[in-house]
$ cat start_24.cif   # mmCIF, C-alpha atoms
data_protein
loop_
_atom_site.label_atom_id
_atom_site.label_comp_id
_atom_site.auth_asym_id
_atom_site.auth_seq_id
_atom_site.Cartn_x
_atom_site.Cartn_y
_atom_site.Cartn_z
CA MET A 58 -10.95 15.44 34.12
CA THR A 59 -9.39 17.09 31.06
CA HIS A 60 -5.66 16.65 30.67
CA THR A 61 -3.58 19.02 28.54
CA TYR A 62 0.07 19.20 27.54
CA SER A 63 2.47 21.70 28.97
CA THR A 64 4.29 23.71 26.33
CA ALA A 65 7.51 21.85 27.10
CA GLU A 66 5.82 18.44 26.82
CA LEU A 67 4.19 19.20 23.48
CA THR A 68 7.40 20.66 22.06
CA GLN A 69 9.42 17.61 23.10
CA LEU A 70 6.74 15.22 21.84
CA GLN A 71 6.73 16.90 18.44
CA GLN A 72 10.52 16.66 18.28
CA VAL A 73 10.28 12.89 18.81
CA LEU A 74 7.57 12.65 16.14
CA TYR A 75 9.82 14.46 13.66
CA GLU A 76 12.63 12.06 14.58
CA ILE A 77 10.48 8.98 13.94
CA LEU A 78 9.12 10.38 10.69
CA ASN A 79 12.65 11.18 9.54
CA LYS A 80 13.64 7.55 10.08
CA ILE A 81 10.60 6.35 8.13
CA ASP A 82 11.42 8.77 5.34
CA GLU A 83 15.04 7.54 5.19
CA ILE A 84 13.87 3.94 4.82
CA CYS A 85 11.32 4.87 2.17
CA ILE A 86 13.87 6.82 0.13
CA LYS A 87 16.43 4.02 0.36
CA HIS A 88 13.95 1.37 -0.79
CA ASP A 89 11.84 3.53 -3.11
CA ILE A 90 8.66 3.16 -1.06
CA PRO A 91 6.26 6.06 -1.72
CA TYR A 92 4.20 7.40 1.17
CA PHE A 93 2.15 10.58 1.67
CA VAL A 94 1.02 12.75 4.56
CA ILE A 95 -2.70 12.66 5.40
CA GLY A 96 -5.22 14.18 7.80
CA GLY A 97 -3.99 16.78 10.26
CA THR A 98 -0.41 16.11 9.21
CA ALA A 99 -1.25 17.14 5.64
CA ILE A 100 -3.10 20.22 6.95
CA GLY A 101 0.03 21.16 8.91
CA ALA A 102 2.16 20.71 5.79
CA LEU A 103 -0.15 23.04 3.88
CA TYR A 104 -0.61 25.86 6.40
CA ASP A 105 2.42 25.75 8.70
CA LYS A 106 4.90 23.62 6.75
CA ALA A 107 5.24 21.79 10.06
CA ILE A 108 3.23 19.89 12.66
CA LEU A 109 0.31 22.09 13.63
CA PRO A 110 1.28 23.87 16.89
CA TRP A 111 -1.36 22.01 18.91
CA ASP A 112 -1.03 18.60 17.22
CA ASP A 113 0.38 15.54 18.96
CA ASP A 114 0.48 12.90 16.24
CA ILE A 115 1.63 12.26 12.68
CA ASP A 116 -0.28 10.21 10.11
CA ILE A 117 0.98 8.96 6.77
CA GLY A 118 -0.48 6.66 4.14
CA MET A 119 0.88 4.09 1.69
CA THR A 120 -0.88 2.14 -1.03
CA ARG A 121 -1.37 -1.49 0.01
CA GLU A 122 1.51 -2.76 -2.14
CA ASN A 123 3.93 -0.22 -0.69
CA TYR A 124 2.56 -0.73 2.83
CA ASN A 125 3.25 -4.46 2.60
CA ARG A 126 6.78 -3.76 1.31
CA PHE A 127 7.39 -1.43 4.25
CA LEU A 128 6.20 -4.08 6.72
CA ARG A 129 8.71 -6.54 5.24
CA ILE A 130 11.66 -4.16 5.03
CA ALA A 131 11.32 -1.88 8.07
CA PRO A 132 12.18 -4.35 10.87
CA GLN A 133 15.70 -4.79 9.46
CA GLU A 134 16.17 -1.06 8.82
CA LEU A 135 14.79 0.52 11.98
CA GLY A 136 17.59 -0.70 14.20
CA ALA A 137 17.53 -0.92 17.98
CA LYS A 138 16.10 2.56 18.50
CA TYR A 139 12.69 1.94 16.94
CA PHE A 140 10.02 -0.76 16.73
CA LEU A 141 7.52 -1.59 13.99
CA SER A 142 4.23 -2.36 15.70
CA TRP A 143 1.52 -4.24 13.80
CA GLN A 144 -0.47 -7.44 14.21
CA GLU A 145 2.47 -9.75 13.47
CA THR A 146 5.08 -8.07 15.68
CA ASP A 147 2.86 -6.70 18.47
CA PRO A 148 0.11 -9.33 18.87
CA HIS A 149 -1.97 -7.40 21.41
CA THR A 150 -2.17 -4.21 19.38
CA PRO A 151 -5.84 -3.28 18.85
CA TYR A 152 -5.06 -1.46 15.60
CA TYR A 153 -5.49 -2.68 12.03
CA PHE A 154 -2.67 -0.37 10.86
CA ALA A 155 1.04 -0.11 11.66
CA LYS A 156 2.92 2.25 13.93
CA VAL A 157 6.63 2.98 14.11
CA LYS A 158 7.43 3.49 17.80
CA LYS A 159 10.48 4.79 19.58
CA ASN A 160 11.91 2.40 22.12
CA LYS A 161 12.47 3.57 25.71
CA THR A 162 9.62 6.11 25.47
CA LEU A 163 6.05 5.97 26.73
CA PHE A 164 2.84 7.16 25.12
CA VAL A 165 0.19 4.98 26.74
CA GLU A 166 -3.27 5.88 25.47
CA ARG A 167 -5.99 6.01 28.10
CA MET A 168 -8.35 3.89 26.04
CA PHE A 169 -5.82 1.06 25.87
CA LYS A 170 -3.89 1.51 29.09
CA ASN A 171 -4.48 -2.13 30.09
CA VAL A 172 -3.41 -3.61 26.73
CA PRO A 173 0.07 -5.23 26.92
CA MET A 174 1.45 -3.78 23.69
CA HIS A 175 4.60 -1.78 22.93
CA PRO A 176 4.08 1.55 24.73
CA GLY A 177 6.32 3.92 22.78
CA ILE A 178 5.69 7.29 21.11
CA PHE A 179 4.60 6.58 17.54
CA VAL A 180 3.88 7.66 13.99
CA ASP A 181 0.83 6.02 12.37
CA ILE A 182 1.11 4.35 8.95
CA PHE A 183 -2.19 3.59 7.20
CA PRO A 184 -2.67 1.20 4.27
CA PHE A 185 -4.61 2.78 1.39
CA ASP A 186 -6.73 0.67 -0.93
CA LYS A 187 -8.95 1.37 -3.90
CA ILE A 188 -12.54 2.17 -3.01
CA PRO A 189 -15.41 1.58 -5.44
CA ASP A 190 -16.88 4.44 -7.44
CA ASN A 191 -20.36 3.07 -6.76
CA LEU A 192 -21.59 4.84 -3.63
CA LEU A 193 -23.63 1.87 -2.39
CA LEU A 194 -20.66 -0.49 -2.63
CA ARG A 195 -18.50 2.14 -0.97
CA ARG A 196 -20.97 2.42 1.93
CA ILE A 197 -21.12 -1.37 2.34
CA GLN A 198 -17.32 -1.60 2.39
CA PHE A 199 -17.06 1.27 4.88
CA GLU A 200 -19.62 -0.22 7.28
CA ALA A 201 -18.12 -3.71 7.07
CA VAL A 202 -14.58 -2.53 7.78
CA ASN A 203 -15.67 -0.37 10.68
CA PHE A 204 -17.64 -3.24 12.22
CA LEU A 205 -14.58 -5.49 11.93
CA LYS A 206 -12.37 -2.73 13.37
CA CYS A 207 -14.58 -2.69 16.48
CA CYS A 208 -14.32 -6.48 16.69
CA LEU A 209 -10.53 -6.22 16.54
CA ILE A 210 -10.47 -3.60 19.29
CA GLY A 211 -12.91 -5.64 21.37
CA LYS A 212 -10.49 -8.55 21.44
CA GLU A 213 -8.13 -6.41 23.55
CA ALA A 214 -10.31 -3.83 25.31
CA TRP A 215 -14.05 -3.39 25.73
CA ILE A 216 -14.65 0.33 25.35
CA TRP A 217 -18.44 0.34 25.01
CA LYS A 218 -21.32 0.46 27.44
CA HIS A 219 -23.23 -2.68 26.45
CA PHE A 220 -22.59 -6.45 26.64
CA GLY A 221 -19.31 -6.17 28.50
CA THR A 222 -17.46 -4.33 31.25
CA CYS A 223 -16.29 -1.02 29.84
CA GLU A 224 -12.60 -0.41 30.54
CA ILE A 225 -12.61 3.38 30.10
CA GLU A 226 -14.21 6.20 32.07
CA THR A 227 -16.47 7.39 29.26
CA PRO A 228 -17.72 4.63 26.91
CA THR A 229 -17.47 5.34 23.19
CA ASN A 230 -20.71 5.80 21.29
CA ARG A 231 -21.93 2.41 20.11
CA GLY A 232 -25.48 1.06 20.34
CA ARG A 233 -26.72 -2.17 21.87
CA ILE A 234 -27.11 -4.00 18.58
CA GLY A 235 -23.60 -3.13 17.41
CA CYS A 236 -22.11 -4.20 20.74
CA LEU A 237 -24.08 -7.46 20.70
CA LEU A 238 -22.93 -8.28 17.17
CA ASN A 239 -19.32 -7.47 18.12
CA ARG A 240 -19.54 -9.75 21.15
CA CYS A 241 -21.07 -12.62 19.17
CA PHE A 242 -18.51 -12.29 16.37
CA ASN A 243 -15.63 -12.29 18.85
CA LEU A 244 -16.93 -15.43 20.52
CA CYS A 245 -16.87 -17.22 17.17
CA PHE A 246 -13.69 -15.98 15.53
CA THR A 247 -10.05 -15.40 16.48
CA LYS A 248 -8.29 -12.05 16.39
CA ARG A 249 -6.02 -13.25 13.58
CA PHE A 250 -9.04 -14.18 11.46
CA THR A 251 -10.63 -10.80 12.17
CA TYR A 252 -7.51 -8.95 11.08
CA ARG A 253 -7.24 -10.98 7.87
CA LEU A 254 -10.90 -10.28 7.14
CA ILE A 255 -10.32 -6.55 7.62
CA VAL A 256 -7.42 -6.65 5.14
CA TRP A 257 -9.51 -8.60 2.61
CA THR A 258 -12.46 -6.21 2.97
CA GLN A 259 -10.24 -3.16 2.60
CA SER A 260 -8.36 -4.50 -0.42
CA CYS A 261 -11.09 -6.42 -2.30
CA PHE A 262 -11.47 -3.67 -4.94
CA ASN A 263 -7.76 -3.24 -5.66
CA SER A 264 -8.05 -4.99 -9.04
CA TRP A 265 -10.81 -2.57 -10.13
CA ASN A 266 -10.29 0.60 -12.12
CA THR A 267 -11.48 3.20 -9.61
CA ALA A 268 -10.97 6.93 -9.07
CA PHE A 269 -9.94 6.98 -5.41
CA TYR A 270 -7.86 5.32 -2.74
CA ASN A 271 -8.67 5.52 0.96
CA ASN A 272 -7.83 3.74 4.21
CA VAL A 273 -11.55 2.75 4.11
CA ILE A 274 -12.07 3.38 7.84
CA THR A 275 -12.74 7.10 7.30
CA LYS A 276 -14.88 9.09 4.88
CA THR A 277 -12.08 11.64 4.58
CA ASP A 278 -8.65 11.15 3.03
CA HIS A 279 -10.05 10.16 -0.39
CA VAL A 280 -7.02 10.57 -2.63
CA LYS A 281 -7.07 10.39 -6.43
CA LYS A 282 -4.83 7.89 -8.21
CA GLU A 283 -3.04 10.64 -10.10
CA GLU A 284 -2.37 12.59 -6.88
CA ILE A 285 -0.22 9.77 -5.50
CA GLU A 286 1.26 8.44 -8.72
CA GLN A 287 3.64 11.43 -8.73
CA LEU A 288 4.13 12.69 -5.20
CA GLN A 289 5.75 15.99 -4.30
CA ARG A 290 8.26 16.82 -1.55
CA VAL A 291 7.06 19.54 0.81
CA ALA A 292 8.59 21.27 3.81
CA PHE A 293 7.54 19.88 7.17
CA GLY A 294 9.36 21.35 10.15
CA PRO A 295 13.04 20.33 9.93
CA LEU A 296 12.18 17.74 7.23
CA THR A 297 10.86 17.49 3.73
CA VAL A 298 8.21 14.80 3.29
CA MET A 299 6.08 13.25 0.55
CA ALA A 300 2.63 14.67 -0.10
CA PRO A 301 -0.08 14.21 -2.73
CA GLN A 302 0.10 16.41 -5.79
CA ASN A 303 -2.26 19.38 -5.46
CA LEU A 304 -2.09 19.15 -1.67
CA GLU A 305 -4.65 21.90 -1.10
CA GLY A 306 -7.09 20.36 -3.60
CA PHE A 307 -6.73 16.97 -1.88
CA LEU A 308 -7.50 18.53 1.49
CA ARG A 309 -10.41 20.71 0.33
CA ARG A 310 -12.08 17.69 -1.26
CA ASN A 311 -12.03 15.92 2.09
CA TYR A 312 -12.46 18.94 4.40
CA PRO A 313 -14.81 21.41 2.65
CA SER A 314 -14.52 23.90 5.51
CA LEU A 315 -10.71 23.70 5.51
CA HIS A 316 -9.08 26.80 7.01
CA ARG A 317 -6.28 27.76 9.36
CA PHE A 318 -7.74 27.51 12.88
CA THR A 319 -8.19 30.68 14.90
CA PRO A 320 -6.91 30.82 18.52
CA ASP A 321 -10.50 30.31 19.76
CA GLU A 322 -10.92 27.20 17.62
CA VAL A 323 -7.58 25.82 18.75
CA ALA A 324 -8.85 25.93 22.33
CA THR A 325 -11.54 23.38 21.40
CA VAL A 326 -9.18 20.88 19.75
CA ASN A 327 -9.26 17.47 21.41
CA THR A 328 -5.73 16.14 21.71
CA HIS A 329 -4.79 12.62 22.74
CA TYR A 330 -3.14 13.41 26.06
CA PRO A 331 -1.92 9.99 27.19
CA TYR A 332 -2.32 8.05 30.39
CA GLN A 333 1.49 7.87 30.59
CA LEU A 334 4.07 9.99 28.79
CA SER A 335 7.85 9.65 29.05
CA PHE A 336 10.67 10.61 26.72
CA ASN A 337 13.30 8.41 28.38
CA THR A 338 12.28 5.47 30.51
CA ASP A 339 15.94 4.79 31.37
CA ALA A 340 15.97 8.03 33.35
CA LYS A 341 13.35 6.74 35.76
#
$ encode --input "start_24.cif" --output "structure tokens"
Amino acid sequence: MTHTYSTAELTQLQQVLYEILNKIDEICIKHDIPYFVIGGTAIGALYDKAILPWDDDIDIGMTRENYNRFLRIAPQELGAKYFLSWQETDPHTPYYFAKVKKNKTLFVERMFKNVPMHPGIFVDIFPFDKIPDNLLLRRIQFEAVNFLKCCLIGKEAWIWKHFGTCEIETPTNRGRIGCLLNRCFNLCFTKRFTYRLIVWTQSCFNSWNTAFYNNVITKTDHVKKEEIEQLQRVAFGPLTVMAPQNLEGFLRRNYPSLHRFTPDEVATVNTHYPYQLSFNTDAK
């Protein structure tokens, strides 16, 4: 069954996302922590100067050094209204990256509805590391990190068809060999070790002189060093946010067919409609 947002739900959700992003931006300005919009958030900043009308999430990136600074500083700055979720503060999270979540809200993803983690509406914060210029090394790093990401997820929820009981209605696409290797790895190693290995694999080229940064998990969002050494402020709904220099060039490099979606294309967009959604759990 396909679930979609009502207009009122999506509008209210986007308002909460702006609110969370504004808090992140305030902290980053106060402590001089650069960040930059990525993915669909960056596309929205380019075309609409706002969240895309159909979008239901916000993604930002930080270089590893700045990401680690944010993880140290944010818990003291977020106050009682928000929560920084990552492996150290939210031990059951299946994610390798951090999320700033709003307390007393619910955005429970269907894939992880049985995972006992903080359930709030969130903005994603991705660590960006240097990736090698050599395409073979880049491919090895990419495959290794994605294998470890599946191991990390598998510690909390089995979302595949093979070698375990799938916890979601439609298993994600992963073959027998990959599932077997994930299962064997998880029998041998702890979740904490897996997370630390992901961080090491993502950041192992940070001492190299390379052309691009990326969050390593994706083949998009390659950003040049010079594009994030001097960020620009751009309009984004009621806010102004940090974006890579030459925002359109950054996006076209990663999305060669980049264009403003037509109404027909928008109808095919797959949003993340959650298992549970609430904007005020105290009201229940």
$ closest_residue --input "start_24.cif" --among "A:Thr251, A:Asn271, A:Asn171, A:Asn263" --to "Cys208 in chain A" --atoms "all atoms listed in the file"
A:Thr251
$ closest_residue --input "start_24.cif" --among "A:Thr64, A:Phe127, A:Gly97, A:Tyr139" --to "Asn311 in chain A" --atoms "only C-alpha atoms"
A:Gly97
$ atom_distance --input "start_24.cif" --atom1 "CA of Gln259 in chain A" --atom2 "CA of Asn303 in chain A"
25.2 Å
$ closest_residue --input "start_24.cif" --among "A:Ser314, A:Asn79, A:Ser335, A:Asn203" --to "Val157 in chain A" --atoms "only C-alpha atoms"
A:Asn79
$ closest_residue --input "start_24.cif" --among "A:Ile255, A:Glu66, A:Ile100, A:Arg126" --to "Val202 in chain A" --atoms "only C-alpha atoms"
A:Ile255
$ atom_distance --input "start_24.cif" --atom1 "CA of Phe220 in chain A" --atom2 "CA of Arg167 in chain A"
20.8 Å
$ resolve_selection --input "start_24.cif" --expression "the PyMOL selection byres ((chain A and resi 236) around 12)" --output "number ranges by chain"
A: 204-205, 207-208, 210-211, 215-223, 228-235, 237-243
$ residues_near_point --input "start_24.cif" --point "(0.8, 0.6, 1.1)" --cutoff "9 Å" --atoms "only C-alpha atoms" --output "VMD selection string"
chain A and resid 90 to 92 118 to 127 182 to 186
$ closest_residue --input "start_24.cif" --among "A:Lys170, A:Arg310, A:Lys187, A:Lys156" --to "Gln333 in chain A" --atoms "all atoms listed in the file"
A:Lys170
$ closest_residue --input "start_24.cif" --among "A:Trp265, A:Tyr152, A:Trp257, A:Tyr270" --to "Lys212 in chain A" --atoms "all atoms listed in the file"
A:Tyr152
$ atom_distance --input "start_24.cif" --atom1 "CA of Lys80 in chain A" --atom2 "CA of Pro132 in chain A"
12.0 Å
$ closest_atom_pairs --input "start_24.cif" --of "range 72-129 of chain A" --to "range 286-297 of chain A" --cutoff "10 Å" --atoms "all atoms listed in the file" --output "CSV"
residue,atom,partner,partner_atom,distance
A:Gln72,CA,A:Gly294,CA,9.5
A:Tyr75,CA,A:Leu296,CA,7.6
A:Glu76,CA,A:Leu296,CA,9.3
A:Leu78,CA,A:Leu296,CA,8.7
A:Asn79,CA,A:Leu296,CA,7.0
A:Asp82,CA,A:Thr297,CA,8.9
A:Pro91,CA,A:Leu288,CA,7.8
A:Tyr92,CA,A:Leu288,CA,8.3
A:Phe93,CA,A:Leu288,CA,7.5
A:Val94,CA,A:Val291,CA,9.8
A:Thr98,CA,A:Phe293,CA,9.0
A:Ala99,CA,A:Phe293,CA,9.3
A:Gly101,CA,A:Phe293,CA,7.8
A:Ala102,CA,A:Phe293,CA,5.6
A:Leu103,CA,A:Val291,CA,8.6
A:Asp105,CA,A:Phe293,CA,7.9
A:Lys106,CA,A:Phe293,CA,4.6
A:Ala107,CA,A:Gly294,CA,4.1
A:Ile108,CA,A:Gly294,CA,6.8
A:Leu109,CA,A:Gly294,CA,9.7
